[in-house]
Each structure stands twice: as structure tokens, then as C-alpha cells.
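Asks: This is the structure I want to talk about, given as C-alpha cells.
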Amino acid sequence: MIVLILVATLFVGGAIAWASEALDARMPRVVALLSLLVSAVLLLVFSLNSGPDVGSPGGQWWILASWSWIPRFGIALLVGVDGLSLLLLLLTIFLGLIALGAAWDEIKERVGFFYFNLLWTIAGVVGVFTALDLFLFFFFWEVMLIPMYLIIAIWGHENRAYAAMKFFLYTQVSGLFLLMAILSMSYLHYVQFARFSFDYFDLQNIALVGSLQTWIMLGFFVGFATKLPIFGLHSWLPDAHSQAPTAGSVLLAGVLLKTGAYGLIRFAVPLFPEASDSFSSVAMTIAALGILYCAKVAFAQQDIKRLIAYTSVSHMGFVLLGIYAWNLYGLQGAVMTMLAHGLSSAALFMLAGGLQSRFHTRDMRQLNGLWAKLPMLSAMALFFSVAAVGMPGLGNFIGEFLSLLGAFQSNPVATIFAALGLVLAAVYSLWVIQKVLHGSLQVPNEYSNAADLSLVEILCYALMALGLVWMGMYPQSFLDVSEASLLYLQSLSGGAA
Amino acid sequence: MTSAMLFMLLPLILVTATAVATMLMIAIKRQHGMSCSVTVIGLSLAFVSLYFVMPSSAQQLTPLMKIDAFSVFFSGVILLSGIMIACFSYPYFSNLEDHQDEFYILLSVAILGALVMVSNSHFITTFLGMETLSVCLYGMVAYPLHRSVAAQYPMEASIKYLVLSALSSGFVLFGIALLYAQTGTLQFSDLGQALSSGMGPVPPVYFVLCCLMIVTGFAFKLSLVPFHLWTPDVYEGAPLPATAFLATVGKIAMAALLMRFMSESALLSNEAIVFVLALVAGASILFGNLLALLQSNLKRLLSYSSIAHMGYLVIALITVDRTVDSLGIEAVSFYLLAYAVMSIGAFGVMMVVSDSEQERDHIGHYQGLFWRNPWLALVMTAMLFSLAGIPLTIGFLGKFYIFAAGVQGAQWALLFTMVVGSGVGLFYYLRIVYGMLTPLDEDLILPEAGLKELVPHCLLFVLLLLLLLLGIVPGALMQWLAEMASAL
């Protein structure tokens with residue numbers, strides 16, 4: 001029920017926000033804020049008052065609900081929340097609020113339509129994190145795509161047409177592979193049990209043998225890995241990120257990338273344990289390659305947003321590494337990295353957006369020695385860069401450490417190479433900090449009287465910093481929530497992979 | 001023929017009566033509005049009458065006609081498309097210097113041909129229906145012959161269509177004649193036996209060749225690659241209502257006929273035919289989408305995209321196999337309905353902003369439409385998203401159905417082609433959407449044509465509603481189609 005209300009609040013809120021533009025151009029953002037606050041309160045109340053329902057499959061689902069939708073194909077509105085979903089839902093709504101803060105003063109044109117798209121993206125993501133009917137999952141998977149496309153295509157920067165198109169094509173085409181794989185599963189269920197089903201729990205019963213399992217698993221893998229993205233399928237991401245408006249980048253990096261990781265954890269590995277097991281060495285090699293390659297490429301960027309985008313790909317490598325280690329350490333590490341990277345990358349993109357709106361450039365060659373001019377912004381930049389590097393005491397460290405710990409047990413070679421990524425991360429972060437924040441002040445002349453952080457910005461950064469410190473200092477509060485889910489998912493695959 | 005049997009033909013009779021009535025009306029007094037309303041009312045009556053003739057089981061009316069749930073469903077889709085196109089035609093033709101009224105006669109007679117095509121399983125009736133439809137289409141394509149601007153295009157398109165369509169009819173006829181020479185029967189259902197065993201001393205390969213000739217003719221009309229060359233020119237040259245008619249009614253009737261032909265003749269038990277069809281489908285998907293990529297004329301773009309869509313459809317057609325509990329028939333039916341909705345929607349928006357003097361068929365005409373006329377832009381975007389197969393729309397479920405049928409039939413190579421094709425397809429649909437999102441420097445004023453009329457906008461609203469409704473809660477329709485398919 002909570003899921004339905006949550007999704008409905010966001011969908012309806014989006015529609016009202018669009019309509020309210022007719023009254024006043026400042027109305028949409030207020031409506032969007034209200035609708036997000038309502039969702040946040042609902043979710044908080046839910047997470048504080050409920051717990052896992054012992055009677056549910058695996059005894060770890062907090063809530064499971066189902067309504068009939070398309071009986072012809074056995075499609076139902078089956079939704080469920082467990083510890084894993086809950087953490088990601090909290091992250092989604094939280095970053096939704098942050099994105100709203102980023103857009104608050106930045107978006108001046110076609111305001112209503114912007115907040116409509118923003119809320120619909122978030123609604124789609126909420127659907128993705130809760131849908132357990134694979135058709136419904138795919139439905140939301142695509143629903144979150146279109147508004148994001150529009151956000152990039154309408155409010156993006158100079159090269160937005162190209163970036164938006166690339167983003168859409170990559171995700172859509174890989175999505176079709178996912179659809180093909182989902183349909184194959186459903187059809188196999190039809191062959192084996194004489195009815196179509198897209199139900200997550202039904203599909204676990206299918207007997208899959210040999211190469212068929214590998215092919216279907218690859219369909220899922222390609223769908224999710226493009227979103228993550230993995231090395232090789234990542235080329236949409238730097239373009240999409242650098243061209244999207246700040247709020248778009250925040251959502252993309254903070255939330256949308258996590259849907260890919262979530263799909264891998266929830267579907268790709270547990271449904272195809274043997275195939276994933278034999279595939280894990282390939283996946284972990286790709287992960288290590290991605291970590292190193294993208295860290296290296298990040299170092300060569302002049303555009304701040306592109307740089308952060310490449311570091312995102314690099315960090316997502318740790319998530320992939322943790323997932324395919326498929327032991328509790330690795331999975332916990334992947335989840336923690338997702339959460340921590342959600343906050344740190346969102347903050348970094350917001351900082352980059354802040355620089356762009358102040359100096360109208362993202363080119364690092366034109367920005368030097370900002371500390372003298374913008375001390376608060378620079379301090380924040382330092383904090384979040386250091387967090388992204390994996391400074392102990394902050395969330396990212398916990399995530400990456402656990403990922404590596406888990407991965408080392410299953411594939412030491414890939415792990416050793418991946419760990420080198422931490423060194424490279426330190427190199428490019430410190431280089432950026434030194435170049436942009438330190439040294440003598442140099443900014444484009446016409447914007448030399450830029451102001452430091454506004455109140456809204458301070459609030460956003462403070463909240464995100466707080467979250468990272470909490471994750472770093474007391475990660476147990478997060479690990480406890482996700483542990484039951486991850487153990488359940490591991491039990492589905494019989495501990496393989 | 002008993003009166004009960006005659007009653008079963010009521011929709012056909014009503015459509016014929018509509019054509020005659022319109023003709024007589026014109027003889028008495030020419031009045032554009034009257035002709036249009038008579039046609040719309042007549043076709044609507046025929047549509048309503050479908051409810052009463054809906055048979056509980058298949059009814060063979062003489063060897064020539066066959067009425068069953070399948071024919072009623074497609075008659076419904078064809079009639080609705082016809083009604084909508086007639087309504088869109090009125091504002092479009094209002095300022096034509098020629099006489100406008102005859103267009104509606106051609107429209108009614110063409111619909112008659114289409115209805116005949118979907119309600120038979122006999123080669124003679126098939127051929128008659130096809131020719132009735134085609135002959136009317138020649139006239140419709142060339143209709144605005146005396147319009148002051150660029151009058152040569154409709155004529156060129158019509159001649160092109162005439163020649164190639166006649167050629168393809170020749171193929172069909174030759175195939176039919178060869179079949180008849182050996183089997184002495186013209187029923188679809190007798191063909192299966194001949195195909196599998198041959199008849200007497202005649203080897204099966206003879207029948208395969210005959211069937212391929214017939215399929216070639218059908219492929220011409222469906223504009224599948226490599227028989228697609230006429231499509232873009234005819235689409236571009238014809239006036240918009242004729243293009244819309246050709247793209248919807250023409251394709252739907254032909255595809256429905258082909259499906260019945262396949263399912264009743266057990267044609268697909270022959271691997272050579274399946275192979276040829278698969279090749280044609282794959283080529284249509286790839287070439288259609290690739291050629292559409294860089295078109296800047298919307299009519300041409302939609303013509304290439306229709307080639308691709310017909311390619312998708314053939315994937316499901318191949319899986320129409322009566323022996324197993326197949327999704328093929330449902331998939332084809334659903335897809336054709338979806339295709340009708342989104343094509344008429346897309347052409348409808350174009351018709352609303354065009355008139356017979358000037359057609360707004362260039363992508364540039366729609367630039368910034370989102371900010372100039374949000375309503376039309378919304379409809380157009382929804383239709384394009386549906387054509388691209390994005391969820392929340394009927395087009396997505398259509399594609400989903402085809403995927404399901406393809407997975408069932410294990411047509412992996414074709415499905416892979418479809419994924420690639422859809423990816424390419426996204427590019428050109430999104431290009432139009434992006435164009436509509438990009439603001440113009442100066443405010444371009446939209447032409448008047450149908451913009452001020454209420455009816456076309458209501459129709460667009462209905463189409464949008466259908467698109468979303470059937471895209472979100474398709475349960476009832478799917479259930480009905482499943483029953484229909486199992487009753488065949």
C-alpha cells in the first residue's frame with residue numbers, strides 16, 4: 001500500500017506542479033517540495049514503524065502486495081519492499097529533495113514542465129526499486145527514462161541534443177535485450193507450468209539448463225550493466241552528465257545508476273546462479289578494468305562534470321566487483337558504495353553545477369584558486385572530493401573496503417588491480433583540488449564578483465555531508481537493514497556465484 | 001442464400017449503400033459537408049451493425065465469404081479508421097478548387113474492398129477485394145489533381161502506384177491460376193494438403209513456388225523490402241487523407257488477409273516459405289529503419305517507418321501456427337489495432353495543420369510546436385513514442401506481443417534484428433520530438449485548416465485516450481483477442 005501511495009504522490013504531484021505553473025511561476029517548485037516532503041515523511045514513518053514480515057518468502061520482506069493487471073499474461077501489480085529496497089528508496093527521496101534544491105534557483109524556463117519531469121523520474125525510480133513483477137519492473141524501467149530524456153533535452157547545456165539522444169538510445173536498446181530476456185523467462189514458465197508469469201517468486205522455480213541460462217542471464221546483464229554502467233558500455237554517461245542540468249546530473253549519478261546495480265543484485269544473479277557463477281570472473285575483470293581505465297580517463301578531462309562522470313564509472317566498478325563476489329561482505333560493500341556514492345557524486349555534481357552557474361564555464365583551465373574567493377564552496381568541494389576518494393571515516397571508504405574484502409575471497413587478482421584504483425582516485429582528486437581551489441585566483445573576468453553558497457545550497461551540502469559521516473562512522477545502522485535481504489538473495493542462488 | 005445469411009453481410013451492404021447514397025446526393029446537389037456527413041453516418045451505421053452480426057462461430061456464407069470473430073474485429077478497425085479519416089478529410093479538402101465530394105465515394109468503396117478482403121477465405125473474393133481497394137486508392141492518391149501548387153506530385157504518385165500495384169496483382173493472379181490448374185480449388189484450406197504432399201505427380205515445390213508468387217504480390221501491397229520502392233513516393237505525393245488511408249486501412253486489410261491465408265492454408269508448415277518470409281521481415285526492419293533515419297519529410301519518414309513496422313508484424317505472422325496454442329494471431333491483431341491508432345494519430349496531427357493548398361509535412365514545420373501549440377505537440381509526441389514502442393502506450397504492448405510471439409516461435413535472429421531496428425527507429429522518432437521541443441526564434445504561425453474545427457481535435461483526443469488506455473489497462477482487450485483467436 002505504502003508503495004502505491006508513494007508512487008501516486010509523486011505522479012500526481014508532478015501533474016499538479018505542471019498545472020500550477022499557470023497560477024504562478026514559483027508554484028511548481030513549492031508543489032514539488034510538498035510532494036517530496038510528503039513522500040519522505042511517509043517513507044520515514046514506514047521505516048520506523050515496520051519491520052520484516054516473518055510470514056513472507058524468506059521472512060525478510062517488509063511488505064508485499066499484489067493486484068491483478070493483465071491476466072492474459074499473468075501480469076500483476078506485484079510490489080514489495082525489503083531492506084535493500086528500503087535503503088535505496090530512502091536514498092531516492094533524499095536525493096530527490098537535493099535535486100529540487102539544486103534546481104530551485106537554476107531553472108527559470110518552463111518551470112512547471114521541469115518539475116513534472118523531475119517528479120516523474122523519481123516516481124519511475126521508486127517503481128523500479130519496488131516492482132517484483134518483471135513486466136511492471138520493465139514498465140517503470142522505461143518510465144524513468146523519458147522524463148530524464150526530456151530534462152536533458154530541454155534544460156541541458158550546449159550539446160544537449162546529442163547527449164540526450166545517446167542516453168536514450170543506449171538505455172532503450174539495452175532495455176530491449178532485457179525485455180527479450182524477461183519474455184523468455186515468462187515463456188519458459190509457460191512451457192514448464194502451463195501459464196505465463198512475470199512474478200519474481202514464480203520465475204525462481206523455473207528449471208534453466210546450460211547455455212539457455214547463460215543467454216538469458218546475458219540479456220539481463222546487458223540491460224542492467226548499461227545503466228550501471230560498466231566499462232565498455234559507459235560512453236553515454238559522460239555526455240549525459242556533462243550536458244544535463246544540475247538537478248538532472250544529481251538524479252542521474254545519485255539514483256539512476258543505482259537502478260542498474262539494484263537490478264543485478266535483485267534479478268540477474270539470484271535468478272541465474274550457475275550462469276552468474278561462471279560469468280563472475282568476466283564481470284570482475286570488467287569491473288577492475290573499468291575502475292582503472294575510467295580513473296585514468298578522468299585524469300585527462302578538462303571539463304569538471306565529465307571528470308566527475310568518469311569517476312562515477314570508476315566507482316561503479318567497485319559495486320560490480322562486490323556484486324559478483326556474491327558473498328555478504330561483497331554485497332554489503334556494493335550496497336554501501338551505492339549509498340555513499342549516491343551522496344558524494346550528487347554533491348560533486350551540484351558543486352560543478354554551482355561553479356557553472358557562477359562562472360558560466362566547466363573548464364578547469366579557466367578556474368584557479370577559488371578558495372580565496374569562495375571559501376565555503378571550496379571547503380565543501382574539498383570535503384566531498386576527499387569522501388569520493390575513500391577517506392576512512394566517511395561512507396565511501398566503508399563501501400569500497402567491504403567490496404574489496406568480499407571480492408578478494410573470490411577473485412584475488414582482479415581485486416588487487418581494482419585496489420590500485422584507490423591510488424588513482426587520490427591522484428585525480430588531489431590534482432583537481434590543487435588546480436581549482438589552490439593557487440592564485442583566476443576566473444573569467446565578467447563573473448569575478450560571484451557570491452558564495454546560498455542558504456539552500458548550504459542546507460543541501462550539510463545534509464549530504466551529514467549522511468556521509470553517519471555512513472562512515474556508524475555503518476552498522478545501514479548494514480543491519482540490508483543484511484536480511486542480502487542473505488535471502490544469496491539463499492536463492494544456493495550461495496553460488 | 002437465406003435472409004439470415006444476408007443479414008450477416010449487413011456491414012458490407014451498409015457500406016455499399018453509403019457509397020450509392022453519397023453518389024445520388026452529389027447528383028442532386030453538391031455540398032461538401034453533406035457528402036462528408038452522409039459517409040460518416042453510413043460508415044458508423046455499418047460499424048454499429050457489426051455488433052449484431054457478431055457470430056458465435058465461424059459462418060461460411062457461400063464458398064466466397066466467411067464471417068467470424070476475426071473478420072468482425074478487423075472490419076471494426078477498418079471502419080473506425082475510415083470514419084476518422086473521413087472526418088479529418090473535411091477540413092483538409094475545404095479549400096480545394098476541385099470538387100471535393102467524390103473523395104468520399106472513393107473512400108466508401110475502398111472500405112468495401114477492405115471489408116471483403118478480411119471476410120473471406122477464397123482466392124476469387126480475395127482478388128476482388130484487393131482490386132476494389134486498389135482501384136479506389138489510385139483515385140484517392142491523385143485526387144487534388146487541379147490544385148494550384150505542386151499538382152504534379154499526386155499524379156506521379158498515382159501512376160507509380162497504379163503500375164506497381166497492377167504488377168503485384170498480376171503476380172497474385174498468376175500464382176492463383178497456377179494453383180487452380182493443379183488443384184481445381186480456390187479455397188485457402190485446400191492448399192495445405194497440396195503443399196505437404198503434392199498432388200499426384202506434382203511435387204510440393206511447384207506449390208511452394210505458386211505460394212511464393214502470391215506472397216510476393218501481398219508483400220508488394222504491404223511494402224515489404226525488396227518490394228517497397230513505391231512507398232515513399234506514393235506517401236509523399238498523395239494528399240494526406242489518402243496517405244493516412246493507404247497507411248492504415250490498406251495495410252491492415254492486407255495484413256489481416258495474409259494472416260488468414262497463412263493460418264488456413266498451413267503455409268507455414270513449409271520451411272522454404274518461412275525462410276523467405278523471415279528474410280523479408282529482417283530486411284524490412286533494417287532497411288525501413290535505416291532509410292527513415294535521415295528523412296526530413298514526415299510523410300517519407302513515416303512511410304519508411306511503416307515498412308519497418310510491417311517487418312515487425314511479419315515476425316508475428318511467421319509464428320501463426322494453428323497446431324500449437326499460438327500467440328501469433330493475437331499478436332498480429334493487437335499490433336494492427338495499435339498501428340491504426342498511432343498512424344491515424346500521427347497523420348491526424350499533420351492533417352489538422354495542413355490543407356490541400358499547403359501540406360505541413362516537413363520536420364521544420366513542427367519545430368517548437370511544444371511551445372506554440374502544446375496540445376498538438378502532446379498528441380504527436382504520444383503517437384511518436386508509441387510508434388517507437390515506449391511504455392504507457394499501446395505501441396509498447398504491440399511490440400511486447402510481437403516479442404512474446406517471437407520468443408514462442410524461437411525466432412531469435414529476427415528478434416535481435418528487431419531490437420537493432422527499434423534502436424535505430426528511436427533515433428528518428430526522437431529527432432522529431434526534439435525538433436518540437438526546440439524553440440523557434442520567431443513565432444511561426446500555424447496554418448488554419450483543421451485547427452479551428454472541433455471534430456478533428458475531439459478525434460485526436462479519442463485517439464490519445466485509446467493510446468494510453470489500451471497501453472495501461474489492456475487486460476480486457478487481450479482477453480477478448482485470446483478468445484477470438486482460440487475460436488478461429
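Simple scheme: letters A, B, ... for chains in C-alpha cells order, numbers from 1 for residues in each chain, numbers from 1 for ligands in the order shown.
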Find the residues in chain B near chain A: any atom within 10 Å counts, using only C-alpha atoms. Write them as an MDAnalysis selection string.
Replies: chainID B and resid 371 385 389:392 396 400:401 403:408 410 412 415:416 418:428 430:431 433:435 437:439 472:482
Asks: Which residues, written as a PyMOL selection string, have at least one atom at most 10 Å from stretch 330-337 of chain B, with only C-alpha atoms counted and residues fewer than 3 positions away on the same chain left out?
Replies: chain B and resi 70+73-74+76-78+81+248-249+251-253+255-256+259+309-310+312-317+319-320+326-327+340-343+394-406+474+477-486
Asks: Any idea what's packed within 10 Å of A:Met350, counting only C-alpha atoms, ignoring anything in its chain fewer than 3 positions away? Could you give it as an MDAnalysis selection string?
Replies: chainID A and resid 98:99 101:103 245:250 305 344:347 353:356 381 457 460:461
Asks: Suppose you want the space between atom CA of A:Lys296 and atom CA of A:Val432; what is it in Å?
Replies: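 Answer for the atom CA of A:Lys296 to atom CA of A:Val432 separation: 13.4 Å.
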Asks: List the neighbours of stretch 393-396 of chain A out to 6 Å using only C-alpha atoms; skip same-chain residues closer than 4 positions along the sequence, and give me the result as an MDAnalysis selection string.
Replies: chainID A and resid 337 340 387 468:469 471:473
Asks: Output the selection as a PDB file, in the first residue's frame - N, CA and C atoms for each residue.
Replies:
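out_30.pdb, freshly written:
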ATOM      1  N   THR A 337      28.529   1.215  -1.089  1.00  0.00           N
ATOM      2  CA  THR A 337      29.106   2.087  -2.119  1.00  0.00           C
ATOM      3  C   THR A 337      27.998   2.808  -2.874  1.00  0.00           C
ATOM      4  N   ALA A 340      26.731   5.580  -0.533  1.00  0.00           N
ATOM      5  CA  ALA A 340      27.702   6.644  -0.307  1.00  0.00           C
ATOM      6  C   ALA A 340      28.009   7.389  -1.603  1.00  0.00           C
ATOM      7  N   ALA A 387      35.862  12.592   0.312  1.00  0.00           N
ATOM      8  CA  ALA A 387      34.939  11.485   0.571  1.00  0.00           C
ATOM      9  C   ALA A 387      34.949  10.520  -0.595  1.00  0.00           C
ATOM     10  N   LEU A 468      27.081  11.235   4.861  1.00  0.00           N
ATOM     11  CA  LEU A 468      28.343  10.529   4.602  1.00  0.00           C
ATOM     12  C   LEU A 468      29.080  10.232   5.902  1.00  0.00           C
ATOM     13  N   VAL A 469      29.043  11.193   6.830  1.00  0.00           N
ATOM     14  CA  VAL A 469      29.723  10.973   8.106  1.00  0.00           C
ATOM     15  C   VAL A 469      29.032   9.844   8.867  1.00  0.00           C
ATOM     16  N   MET A 471      27.323   7.366   7.602  1.00  0.00           N
ATOM     17  CA  MET A 471      27.661   6.096   6.964  1.00  0.00           C
ATOM     18  C   MET A 471      29.072   5.660   7.333  1.00  0.00           C
ATOM     19  N   GLY A 472      29.964   6.619   7.454  1.00  0.00           N
ATOM     20  CA  GLY A 472      31.357   6.279   7.717  1.00  0.00           C
ATOM     21  C   GLY A 472      31.598   5.921   9.166  1.00  0.00           C
ATOM     22  N   MET A 473      30.885   6.616  10.058  1.00  0.00           N
ATOM     23  CA  MET A 473      31.146   6.423  11.479  1.00  0.00           C
ATOM     24  C   MET A 473      30.338   5.269  12.052  1.00  0.00           C
TER      25      MET A 473
END
Asks: From a DSSP pass on the backbone, collect the residues of stretch 72-227 of chain B flagged as alpha helix (DSSP H) and hand them back as a VMD selection string.
Replies: chain B and resid 72 to 93 102 to 118 123 to 141 152 to 183 191 to 197 204 to 221
